[in-house]
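Chemist: Supplied structure: model_25.cif, mmCIF, C-alpha atoms and all ligand atoms.
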```cif
data_upload
#
loop_
_atom_site.group_PDB
_atom_site.id
_atom_site.type_symbol
_atom_site.label_atom_id
_atom_site.label_comp_id
_atom_site.auth_asym_id
_atom_site.auth_seq_id
_atom_site.Cartn_x
_atom_site.Cartn_y
_atom_site.Cartn_z
ATOM 1 C CA MET A 1 1.097 15.918 -5.506
ATOM 2 C CA VAL A 2 2.956 13.025 -3.903
ATOM 3 C CA ARG A 3 3.910 10.462 -6.512
ATOM 4 C CA ARG A 4 4.879 7.555 -4.258
ATOM 5 C CA THR A 5 2.790 5.515 -1.850
ATOM 6 C CA VAL A 6 3.181 2.368 0.267
ATOM 7 C CA ILE A 7 0.929 -0.646 0.223
ATOM 8 C CA ILE A 8 1.139 -3.694 2.490
ATOM 9 C CA ILE A 9 -0.363 -6.969 1.296
ATOM 10 C CA LYS A 10 -1.506 -8.424 4.618
ATOM 11 C CA PRO A 11 -1.137 -11.985 5.989
ATOM 12 C CA ASP A 12 -4.702 -12.978 5.058
ATOM 13 C CA ALA A 13 -3.971 -12.179 1.399
ATOM 14 C CA VAL A 14 -0.581 -13.929 1.523
ATOM 15 C CA ASN A 15 -2.229 -17.026 3.058
ATOM 16 C CA ARG A 16 -4.974 -16.916 0.432
ATOM 17 C CA SER A 17 -2.459 -16.695 -2.453
ATOM 18 C CA LEU A 18 -3.697 -13.284 -3.568
ATOM 19 C CA ILE A 19 -0.317 -11.549 -3.939
ATOM 20 C CA GLY A 20 -0.193 -11.905 -7.721
ATOM 21 C CA GLU A 21 -3.830 -10.918 -8.157
ATOM 22 C CA ILE A 22 -3.375 -7.696 -6.182
ATOM 23 C CA LEU A 23 -0.013 -6.835 -7.721
ATOM 24 C CA SER A 24 -1.446 -7.339 -11.168
ATOM 25 C CA ARG A 25 -4.218 -4.794 -10.584
ATOM 26 C CA PHE A 26 -1.732 -2.058 -9.731
ATOM 27 C CA GLU A 27 0.509 -2.954 -12.663
ATOM 28 C CA LYS A 28 -2.394 -2.885 -15.102
ATOM 29 C CA LYS A 29 -3.527 0.487 -13.782
ATOM 30 C CA GLY A 30 -0.135 1.944 -14.691
ATOM 31 C CA LEU A 31 1.470 2.296 -11.282
ATOM 32 C CA LYS A 32 5.175 1.578 -11.276
ATOM 33 C CA ILE A 33 6.713 -0.678 -8.608
ATOM 34 C CA VAL A 34 9.782 1.116 -7.236
ATOM 35 C CA GLY A 35 10.207 -0.943 -4.048
ATOM 36 C CA MET A 36 9.050 -4.416 -3.040
ATOM 37 C CA LYS A 37 9.900 -6.944 -0.332
ATOM 38 C CA LEU A 38 8.495 -9.892 1.591
ATOM 39 C CA MET A 39 9.057 -9.252 5.286
ATOM 40 C CA ARG A 40 7.605 -10.293 8.617
ATOM 41 C CA PHE A 41 6.098 -7.243 10.328
ATOM 42 C CA ASP A 42 8.350 -6.458 13.287
ATOM 43 C CA VAL A 43 6.349 -6.148 16.545
ATOM 44 C CA ASN A 44 7.960 -2.780 17.372
ATOM 45 C CA LYS A 45 7.054 -1.506 13.921
ATOM 46 C CA ILE A 46 3.464 -2.673 14.460
ATOM 47 C CA ASP A 47 3.319 -0.593 17.662
ATOM 48 C CA GLU A 48 4.584 2.414 15.718
ATOM 49 C CA HIS A 49 2.441 1.835 12.639
ATOM 50 C CA TYR A 50 -0.795 1.121 14.492
ATOM 51 C CA GLY A 51 -0.015 3.337 17.528
ATOM 52 C CA HIS A 52 -3.306 5.198 17.097
ATOM 53 C CA HIS A 53 -5.121 1.860 17.671
ATOM 54 C CA LYS A 54 -3.073 0.832 20.724
ATOM 55 C CA GLU A 55 -5.930 1.339 23.197
ATOM 56 C CA LYS A 56 -8.561 -0.306 20.986
ATOM 57 C CA PRO A 57 -9.931 -3.725 22.012
ATOM 58 C CA PHE A 58 -8.892 -5.250 18.685
ATOM 59 C CA PHE A 59 -5.232 -4.145 18.904
ATOM 60 C CA LYS A 60 -3.800 -7.401 20.319
ATOM 61 C CA GLU A 61 -5.519 -9.539 17.704
ATOM 62 C CA LEU A 62 -4.515 -7.074 14.972
ATOM 63 C CA SER A 63 -0.898 -7.184 16.126
ATOM 64 C CA ASP A 64 -0.876 -11.022 16.229
ATOM 65 C CA PHE A 65 -2.492 -11.141 12.810
ATOM 66 C CA MET A 66 -0.084 -8.694 11.178
ATOM 67 C CA SER A 67 2.984 -10.520 12.547
ATOM 68 C CA SER A 68 1.679 -14.064 11.916
ATOM 69 C CA ILE A 69 3.387 -14.580 8.548
ATOM 70 C CA PRO A 70 5.298 -12.210 6.229
ATOM 71 C CA CYS A 71 3.560 -9.361 4.423
ATOM 72 C CA VAL A 72 4.488 -7.907 1.050
ATOM 73 C CA PHE A 73 5.592 -4.275 1.323
ATOM 74 C CA MET A 74 5.553 -2.257 -1.856
ATOM 75 C CA VAL A 75 6.150 1.328 -2.953
ATOM 76 C CA LEU A 76 4.137 2.341 -5.999
ATOM 77 C CA GLU A 77 4.820 5.395 -8.135
ATOM 78 C CA GLY A 78 2.531 7.379 -10.388
ATOM 79 C CA LYS A 79 0.901 10.752 -10.713
ATOM 80 C CA ASP A 80 -1.248 11.415 -7.620
ATOM 81 C CA ALA A 81 -0.435 7.852 -6.501
ATOM 82 C CA VAL A 82 -1.764 8.218 -2.929
ATOM 83 C CA ASN A 83 -5.310 9.073 -4.021
ATOM 84 C CA VAL A 84 -5.349 6.618 -6.900
ATOM 85 C CA VAL A 85 -4.299 3.714 -4.670
ATOM 86 C CA ARG A 86 -6.652 4.701 -1.834
ATOM 87 C CA LYS A 87 -9.608 4.566 -4.237
ATOM 88 C CA PHE A 88 -8.442 1.199 -5.554
ATOM 89 C CA VAL A 89 -8.291 -0.266 -2.051
ATOM 90 C CA GLY A 90 -11.792 0.688 -0.832
ATOM 91 C CA LYS A 91 -13.363 1.055 2.613
ATOM 92 C CA THR A 92 -11.748 -0.519 5.701
ATOM 93 C CA ASN A 93 -14.504 -3.067 6.270
ATOM 94 C CA GLY A 94 -14.424 -5.461 3.326
ATOM 95 C CA ARG A 95 -18.167 -6.058 3.646
ATOM 96 C CA ASP A 96 -18.834 -2.327 3.078
ATOM 97 C CA ALA A 97 -16.216 -1.832 0.389
ATOM 98 C CA GLU A 98 -17.532 -1.290 -3.121
ATOM 99 C CA PRO A 99 -17.296 -4.190 -5.581
ATOM 100 C CA GLY A 100 -14.448 -3.440 -7.961
ATOM 101 C CA THR A 101 -12.184 -2.264 -5.140
ATOM 102 C CA ILE A 102 -9.592 -4.703 -3.795
ATOM 103 C CA ARG A 103 -11.282 -5.043 -0.407
ATOM 104 C CA GLY A 104 -14.707 -5.077 -2.055
ATOM 105 C CA ASP A 105 -13.664 -7.995 -4.224
ATOM 106 C CA TYR A 106 -11.541 -10.043 -1.801
ATOM 107 C CA SER A 107 -12.440 -9.286 1.819
ATOM 108 C CA MET A 108 -15.292 -10.130 4.190
ATOM 109 C CA SER A 109 -13.692 -8.535 7.252
ATOM 110 C CA THR A 110 -12.545 -5.338 8.967
ATOM 111 C CA GLN A 111 -9.370 -6.867 10.359
ATOM 112 C CA SER A 112 -8.526 -9.265 7.550
ATOM 113 C CA ASN A 113 -8.971 -6.659 4.857
ATOM 114 C CA VAL A 114 -6.242 -7.872 2.498
ATOM 115 C CA ILE A 115 -4.277 -4.660 2.051
ATOM 116 C CA HIS A 116 -3.100 -1.514 3.799
ATOM 117 C CA ALA A 117 -2.740 1.780 1.941
ATOM 118 C CA ASN A 118 -1.809 5.319 2.970
ATOM 119 C CA GLY A 119 -4.665 7.515 4.193
ATOM 120 C CA ASP A 120 -3.110 10.732 2.908
ATOM 121 C CA GLU A 121 0.059 12.208 1.463
ATOM 122 C CA ASN A 122 1.640 12.903 4.842
ATOM 123 C CA ALA A 123 1.143 9.270 5.880
ATOM 124 C CA ALA A 124 2.720 8.160 2.599
ATOM 125 C CA LYS A 125 5.896 10.135 3.314
ATOM 126 C CA ILE A 126 6.132 8.770 6.859
ATOM 127 C CA GLU A 127 5.404 5.151 5.909
ATOM 128 C CA ILE A 128 7.826 5.061 2.984
ATOM 129 C CA LYS A 129 10.575 5.998 5.455
ATOM 130 C CA ARG A 130 9.214 3.540 8.046
ATOM 131 C CA PHE A 131 9.445 0.508 5.785
ATOM 132 C CA PHE A 132 12.088 1.281 3.141
ATOM 133 C CA LYS A 133 15.682 2.462 3.156
ATOM 134 C CA ASP A 134 16.587 4.963 0.420
ATOM 135 C CA GLU A 135 18.664 2.330 -1.388
ATOM 136 C CA GLU A 136 15.688 -0.051 -1.525
ATOM 137 C CA LEU A 137 13.765 2.376 -3.760
ATOM 138 C CA ILE A 138 14.794 2.041 -7.390
ATOM 139 C CA ASN A 139 14.608 4.848 -9.952
ATOM 140 C CA TYR A 140 14.180 3.526 -13.474
ATOM 141 C CA GLU A 141 12.403 4.351 -16.726
ATOM 142 C CA LYS A 142 9.604 2.154 -18.070
ATOM 143 C CA ILE A 143 8.571 2.217 -21.711
ATOM 144 C CA ASP A 144 4.862 2.598 -20.879
ATOM 145 C CA PHE A 145 5.352 6.097 -19.401
ATOM 146 C CA ASN A 146 4.610 8.008 -22.610
ATOM 147 C CA TRP A 147 1.458 5.928 -23.148
ATOM 148 C CA LEU A 148 0.125 6.468 -19.638
ATOM 149 C CA TYR A 149 0.258 10.274 -19.501
ATOM 150 C CA ALA A 150 -0.409 13.263 -21.762
ATOM 151 C CA SER A 151 2.479 15.712 -22.049
ATOM 152 C CA SER A 152 0.728 18.264 -19.798
ATOM 153 C CA GLU A 153 0.432 15.610 -17.083
ATOM 154 C CA LYS A 154 4.045 14.526 -17.414
ATOM 155 C CA SER A 155 5.545 17.958 -16.746
ATOM 156 C CA LYS A 156 3.785 18.218 -13.363
ATOM 157 C CA PHE A 157 4.482 14.578 -12.566
ATOM 158 C CA GLU A 158 8.203 15.052 -13.013
ATOM 159 C CA GLU A 159 8.326 17.684 -10.248
ATOM 160 C CA LYS A 160 9.972 16.219 -7.165
ATOM 161 C CA ASP A 161 7.817 15.788 -4.061
HETATM 162 P P1 LIG A 201 -5.589 -0.702 7.906
HETATM 163 O O1 LIG A 201 -5.954 0.005 6.660
HETATM 164 O O2 LIG A 201 -4.296 -1.419 7.901
HETATM 165 O O3 LIG A 201 -5.616 0.315 9.153
HETATM 166 C C1 LIG A 201 -5.801 -0.112 10.470
HETATM 167 C C2 LIG A 201 -6.184 -1.558 10.559
HETATM 168 O O4 LIG A 201 -6.768 -1.943 11.783
HETATM 169 C C3 LIG A 201 -7.273 -1.825 9.526
HETATM 170 O O5 LIG A 201 -6.746 -1.763 8.238
HETATM 171 C C4 LIG A 201 -7.797 -3.158 10.002
HETATM 172 O O6 LIG A 201 -6.961 -4.235 9.602
HETATM 173 C C5 LIG A 201 -7.695 -2.984 11.529
HETATM 174 N N1 LIG A 201 -8.985 -2.570 12.103
HETATM 175 C C6 LIG A 201 -9.561 -1.349 12.061
HETATM 176 N N2 LIG A 201 -10.736 -1.352 12.735
HETATM 177 C C7 LIG A 201 -10.889 -2.601 13.233
HETATM 178 C C8 LIG A 201 -11.895 -3.240 14.010
HETATM 179 N N3 LIG A 201 -12.978 -2.582 14.411
HETATM 180 N N4 LIG A 201 -11.742 -4.527 14.312
HETATM 181 C C9 LIG A 201 -10.634 -5.212 13.917
HETATM 182 N N5 LIG A 201 -9.642 -4.670 13.166
HETATM 183 C C10 LIG A 201 -9.767 -3.377 12.836
#
```
Taking this structure as input, can you express it in the form of structure tokens?

Modeler:
Amino acid sequence: MVRRTVIIIKPDAVNRSLIGEILSRFEKKGLKIVGMKLMRFDVNKIDEHYGHHKEKPFFKELSDFMSSIPCVFMVLEGKDAVNVVRKFVGKTNGRDAEPGTIRGDYSMSTQSNVIHANGDENAAKIEIKRFFKDEELINYEKIDFNWLYASSEKSKFEEKD
């Protein structure tokens, strides 16, 4: 079970002053922030990251949107983090996303859908490497750990990916 996952808080959310709101949800859930930076999405990285959408009619607008102002890139850690975060984020189209999810609560759009999360564990591994250098990911202990997990959950969690 992969314990780390990347999220990107997109330009619509940065423009709408939603960074704190979104960050706070993950913190309250019990996910640990192990990497975080504000960075403009490099155009070459957009081509790589959204390569599977390159031929789609919306690609140009998506690329302009994602590089318009900086995004917040974050690596979150927790047991089964990829699945937990994916459920938190909700469906791609904000209008279809369930209330209670981040997109369900803050987005009215497919493009401007507030946040990007990893689709699966393989994507998480690739995207962590795409956006973060090893030295930008910080290992540290937080005092909430023993209150977030039962001992049986901790032993599996501590296994390295
Ligand atoms: P994301 O989770 O980052 O993955 C791909 C992104 O492409 C998606 O969120 C949307 O921002 C964008 N996207 C996907 N489908 C469409 C679409 N039909 N029209 C516009 N943007 C889209």

Chemist: Mind listing the residues within 6 Å of ligand LIG 201 (chain A), all atoms listed in the file counted, as a ChimeraX atom specification?

Modeler: /A:58,62,92,110-113,116-117

Chemist: A:Asn93, A:Asn83, A:Ser63, A:Ser152: which is nearest Ala123 of chain A, counting all atoms listed in the file?

Modeler: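 The shortest atom-to-atom distance to Ala123 of chain A comes from A:Asn83.
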
Chemist: Hey, can you check how far atom CA of Leu38 of chain A sits from atom CA of Val72 of chain A?

Modeler: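 These two atoms are separated by 4.5 Å.
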
Chemist: Counting all atoms listed in the file, which residue out of A:Met108, A:Ile46, A:Ala150, A:Ile7 sits closest to Phe132 of chain A?

Modeler: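 Of A:Met108, A:Ile46, A:Ala150, A:Ile7, the one nearest Phe132 of chain A, counting all atoms listed in the file, is A:Ile7.
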
Chemist: Name all residues at most 12 Å from Asp105 of chain A (count only C-alpha atoms; drop same-chain ones fewer than 2 positions away) and give them as a ChimeraX atom specification.

Modeler: /A:13,18,21-22,25,88-91,93-103,107-109,113-115

Chemist: One number please: atom CA of Phe26 of chain A to atom CA of Glu48 of chain A, in Å, one decimal.

Modeler: 26.6 Å

Chemist: Can you tell me how far atom CA of Val43 of chain A sits from atom CA of Leu76 of chain A, in Å to one decimal?

Modeler: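 About the pair atom CA of Val43 of chain A and atom CA of Leu76 of chain A: they are 24.2 Å apart.
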
Chemist: Apply the PyMOL selection byres (((chain A and resi 133-145) around 6) and not hetatm) to the structure shown and report the selected residues as a compact mmCIF listing (two decimals) with C-alpha atoms, keeping the file's coordinate frame.

Modeler:
```txt
# COMPACT_ATOMS: atom_id res chain seq x y z
CA VAL A 34 9.78 1.12 -7.24
CA GLY A 35 10.21 -0.94 -4.05
CA PHE A 132 12.09 1.28 3.14
CA ASN A 146 4.61 8.01 -22.61
CA TRP A 147 1.46 5.93 -23.15
CA LEU A 148 0.12 6.47 -19.64
```

Chemist: Please list as an mmCIF file with C-alpha atoms, in the coordinates of the input every residue within 12 Å of Asp120 of chain A, counting all atoms listed in the file and excluding residues in the same chain fewer than 5 positions away.

Modeler:
```cif
data_model
loop_
_atom_site.group_PDB
_atom_site.id
_atom_site.type_symbol
_atom_site.label_atom_id
_atom_site.label_comp_id
_atom_site.auth_asym_id
_atom_site.auth_seq_id
_atom_site.Cartn_x
_atom_site.Cartn_y
_atom_site.Cartn_z
ATOM 1 C CA MET A 1 1.097 15.918 -5.506
ATOM 2 C CA VAL A 2 2.956 13.025 -3.903
ATOM 3 C CA ARG A 3 3.910 10.462 -6.512
ATOM 4 C CA ARG A 4 4.879 7.555 -4.258
ATOM 5 C CA THR A 5 2.790 5.515 -1.850
ATOM 6 C CA VAL A 6 3.181 2.368 0.267
ATOM 7 C CA ASP A 80 -1.248 11.415 -7.620
ATOM 8 C CA ALA A 81 -0.435 7.852 -6.501
ATOM 9 C CA VAL A 82 -1.764 8.218 -2.929
ATOM 10 C CA ASN A 83 -5.310 9.073 -4.021
ATOM 11 C CA VAL A 84 -5.349 6.618 -6.900
ATOM 12 C CA VAL A 85 -4.299 3.714 -4.670
ATOM 13 C CA ARG A 86 -6.652 4.701 -1.834
ATOM 14 C CA LYS A 87 -9.608 4.566 -4.237
ATOM 15 C CA LYS A 125 5.896 10.135 3.314
ATOM 16 C CA ILE A 126 6.132 8.770 6.859
ATOM 17 C CA GLU A 127 5.404 5.151 5.909
#
```

Chemist: What do you get, as a list in words, if you spell out every residue that the PyMOL selection byres (((chain A and resi 33) around 8) and not hetatm) selects here?

Modeler: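 Selected by the PyMOL selection byres (((chain A and resi 33) around 8) and not hetatm) here: Glu27, Leu31, Lys32, Val34, Gly35, Met36, Met74, Val75, Leu76 and Glu77 of chain A.
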
Chemist: For this file, the PyMOL selection byres (((chain A and resi 70) around 6) and not hetatm) selects which residues, as a short mmCIF file (atom, residue, chain, number, x, y, z; two decimals) with C-alpha atoms, in the frame of the given file?

Modeler:
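What ended up in part.cif:
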```cif
data_model
loop_
_atom_site.label_atom_id
_atom_site.label_comp_id
_atom_site.auth_asym_id
_atom_site.auth_seq_id
_atom_site.Cartn_x
_atom_site.Cartn_y
_atom_site.Cartn_z
CA MET A 39 9.06 -9.25 5.29
CA ARG A 40 7.60 -10.29 8.62
CA ILE A 69 3.39 -14.58 8.55
CA CYS A 71 3.56 -9.36 4.42
#
```

Chemist: Point out the residue among A:Tyr106, A:Lys129, A:Phe73, A:Glu61 with the least atom-to-atom distance to Ile9 of chain A, counting only C-alpha atoms.

Modeler: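 Checking each candidate against Ile9 of chain A, we get A:Phe73 as the closest.
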
Chemist: Missing atoms in segment 114-146 of chain A need filling: write out N, CA and C atoms for it as a PDB file, in the coordinates of the input.

Modeler:
```pdb
ATOM      1  N   VAL A 114      -7.074  -7.583   3.673  1.00  0.00           N
ATOM      2  CA  VAL A 114      -6.242  -7.872   2.498  1.00  0.00           C
ATOM      3  C   VAL A 114      -5.063  -6.919   2.271  1.00  0.00           C
ATOM      4  N   ILE A 115      -5.304  -5.626   2.472  1.00  0.00           N
ATOM      5  CA  ILE A 115      -4.277  -4.660   2.051  1.00  0.00           C
ATOM      6  C   ILE A 115      -4.333  -3.411   2.928  1.00  0.00           C
ATOM      7  N   HIS A 116      -3.177  -2.824   3.142  1.00  0.00           N
ATOM      8  CA  HIS A 116      -3.100  -1.514   3.799  1.00  0.00           C
ATOM      9  C   HIS A 116      -2.617  -0.500   2.774  1.00  0.00           C
ATOM     10  N   ALA A 117      -3.217   0.693   2.808  1.00  0.00           N
ATOM     11  CA  ALA A 117      -2.740   1.780   1.941  1.00  0.00           C
ATOM     12  C   ALA A 117      -2.660   3.061   2.750  1.00  0.00           C
ATOM     13  N   ASN A 118      -1.975   4.056   2.250  1.00  0.00           N
ATOM     14  CA  ASN A 118      -1.809   5.319   2.970  1.00  0.00           C
ATOM     15  C   ASN A 118      -3.088   6.149   2.919  1.00  0.00           C
ATOM     16  N   GLY A 119      -3.447   6.699   4.092  1.00  0.00           N
ATOM     17  CA  GLY A 119      -4.665   7.515   4.193  1.00  0.00           C
ATOM     18  C   GLY A 119      -4.517   8.859   3.511  1.00  0.00           C
ATOM     19  N   ASP A 120      -3.325   9.432   3.547  1.00  0.00           N
ATOM     20  CA  ASP A 120      -3.110  10.732   2.908  1.00  0.00           C
ATOM     21  C   ASP A 120      -1.626  10.880   2.560  1.00  0.00           C
ATOM     22  N   GLU A 121      -1.299  12.026   1.988  1.00  0.00           N
ATOM     23  CA  GLU A 121       0.059  12.208   1.463  1.00  0.00           C
ATOM     24  C   GLU A 121       1.102  12.279   2.577  1.00  0.00           C
ATOM     25  N   ASN A 122       0.712  12.841   3.714  1.00  0.00           N
ATOM     26  CA  ASN A 122       1.640  12.903   4.842  1.00  0.00           C
ATOM     27  C   ASN A 122       1.970  11.491   5.342  1.00  0.00           C
ATOM     28  N   ALA A 123       0.937  10.660   5.443  1.00  0.00           N
ATOM     29  CA  ALA A 123       1.143   9.270   5.880  1.00  0.00           C
ATOM     30  C   ALA A 123       2.052   8.541   4.893  1.00  0.00           C
ATOM     31  N   ALA A 124       1.879   8.823   3.611  1.00  0.00           N
ATOM     32  CA  ALA A 124       2.720   8.160   2.599  1.00  0.00           C
ATOM     33  C   ALA A 124       4.198   8.472   2.854  1.00  0.00           C
ATOM     34  N   LYS A 125       4.493   9.753   3.090  1.00  0.00           N
ATOM     35  CA  LYS A 125       5.896  10.135   3.314  1.00  0.00           C
ATOM     36  C   LYS A 125       6.462   9.432   4.544  1.00  0.00           C
ATOM     37  N   ILE A 126       5.665   9.399   5.614  1.00  0.00           N
ATOM     38  CA  ILE A 126       6.132   8.770   6.859  1.00  0.00           C
ATOM     39  C   ILE A 126       6.322   7.256   6.664  1.00  0.00           C
ATOM     40  N   GLU A 127       5.367   6.618   6.013  1.00  0.00           N
ATOM     41  CA  GLU A 127       5.404   5.151   5.909  1.00  0.00           C
ATOM     42  C   GLU A 127       6.466   4.656   4.920  1.00  0.00           C
ATOM     43  N   ILE A 128       6.733   5.454   3.896  1.00  0.00           N
ATOM     44  CA  ILE A 128       7.826   5.061   2.984  1.00  0.00           C
ATOM     45  C   ILE A 128       9.127   4.982   3.794  1.00  0.00           C
ATOM     46  N   LYS A 129       9.343   5.977   4.624  1.00  0.00           N
ATOM     47  CA  LYS A 129      10.575   5.998   5.455  1.00  0.00           C
ATOM     48  C   LYS A 129      10.548   4.887   6.505  1.00  0.00           C
ATOM     49  N   ARG A 130       9.331   4.580   7.005  1.00  0.00           N
ATOM     50  CA  ARG A 130       9.214   3.540   8.046  1.00  0.00           C
ATOM     51  C   ARG A 130       9.623   2.169   7.514  1.00  0.00           C
ATOM     52  N   PHE A 131       9.272   1.876   6.280  1.00  0.00           N
ATOM     53  CA  PHE A 131       9.445   0.508   5.785  1.00  0.00           C
ATOM     54  C   PHE A 131      10.574   0.322   4.766  1.00  0.00           C
ATOM     55  N   PHE A 132      11.074   1.415   4.195  1.00  0.00           N
ATOM     56  CA  PHE A 132      12.088   1.281   3.141  1.00  0.00           C
ATOM     57  C   PHE A 132      13.285   2.198   3.385  1.00  0.00           C
ATOM     58  N   LYS A 133      14.478   1.629   3.168  1.00  0.00           N
ATOM     59  CA  LYS A 133      15.682   2.462   3.156  1.00  0.00           C
ATOM     60  C   LYS A 133      15.764   3.127   1.778  1.00  0.00           C
ATOM     61  N   ASP A 134      16.471   4.250   1.706  1.00  0.00           N
ATOM     62  CA  ASP A 134      16.587   4.963   0.420  1.00  0.00           C
ATOM     63  C   ASP A 134      17.078   4.035  -0.685  1.00  0.00           C
ATOM     64  N   GLU A 135      18.063   3.191  -0.348  1.00  0.00           N
ATOM     65  CA  GLU A 135      18.664   2.330  -1.388  1.00  0.00           C
ATOM     66  C   GLU A 135      17.742   1.189  -1.826  1.00  0.00           C
ATOM     67  N   GLU A 136      16.646   0.991  -1.120  1.00  0.00           N
ATOM     68  CA  GLU A 136      15.688  -0.051  -1.525  1.00  0.00           C
ATOM     69  C   GLU A 136      14.658   0.480  -2.523  1.00  0.00           C
ATOM     70  N   LEU A 137      14.693   1.781  -2.795  1.00  0.00           N
ATOM     71  CA  LEU A 137      13.765   2.376  -3.760  1.00  0.00           C
ATOM     72  C   LEU A 137      14.534   2.633  -5.060  1.00  0.00           C
ATOM     73  N   ILE A 138      14.033   2.053  -6.139  1.00  0.00           N
ATOM     74  CA  ILE A 138      14.794   2.041  -7.390  1.00  0.00           C
ATOM     75  C   ILE A 138      14.195   3.033  -8.395  1.00  0.00           C
ATOM     76  N   ASN A 139      15.024   3.940  -8.878  1.00  0.00           N
ATOM     77  CA  ASN A 139      14.608   4.848  -9.952  1.00  0.00           C
ATOM     78  C   ASN A 139      14.931   4.200 -11.287  1.00  0.00           C
ATOM     79  N   TYR A 140      13.936   4.058 -12.132  1.00  0.00           N
ATOM     80  CA  TYR A 140      14.180   3.526 -13.474  1.00  0.00           C
ATOM     81  C   TYR A 140      13.066   3.979 -14.406  1.00  0.00           C
ATOM     82  N   GLU A 141      13.381   3.953 -15.711  1.00  0.00           N
ATOM     83  CA  GLU A 141      12.403   4.351 -16.726  1.00  0.00           C
ATOM     84  C   GLU A 141      11.668   3.114 -17.216  1.00  0.00           C
ATOM     85  N   LYS A 142      10.362   3.252 -17.457  1.00  0.00           N
ATOM     86  CA  LYS A 142       9.604   2.154 -18.070  1.00  0.00           C
ATOM     87  C   LYS A 142       9.022   2.648 -19.388  1.00  0.00           C
ATOM     88  N   ILE A 143       8.967   1.753 -20.374  1.00  0.00           N
ATOM     89  CA  ILE A 143       8.571   2.217 -21.711  1.00  0.00           C
ATOM     90  C   ILE A 143       7.095   2.595 -21.800  1.00  0.00           C
ATOM     91  N   ASP A 144       6.285   2.239 -20.798  1.00  0.00           N
ATOM     92  CA  ASP A 144       4.862   2.598 -20.879  1.00  0.00           C
ATOM     93  C   ASP A 144       4.581   4.059 -20.503  1.00  0.00           C
ATOM     94  N   PHE A 145       5.577   4.758 -19.964  1.00  0.00           N
ATOM     95  CA  PHE A 145       5.352   6.097 -19.401  1.00  0.00           C
ATOM     96  C   PHE A 145       4.660   7.039 -20.383  1.00  0.00           C
ATOM     97  N   ASN A 146       5.163   7.072 -21.622  1.00  0.00           N
ATOM     98  CA  ASN A 146       4.610   8.008 -22.610  1.00  0.00           C
ATOM     99  C   ASN A 146       3.199   7.627 -23.053  1.00  0.00           C
TER     100      ASN A 146
END
```
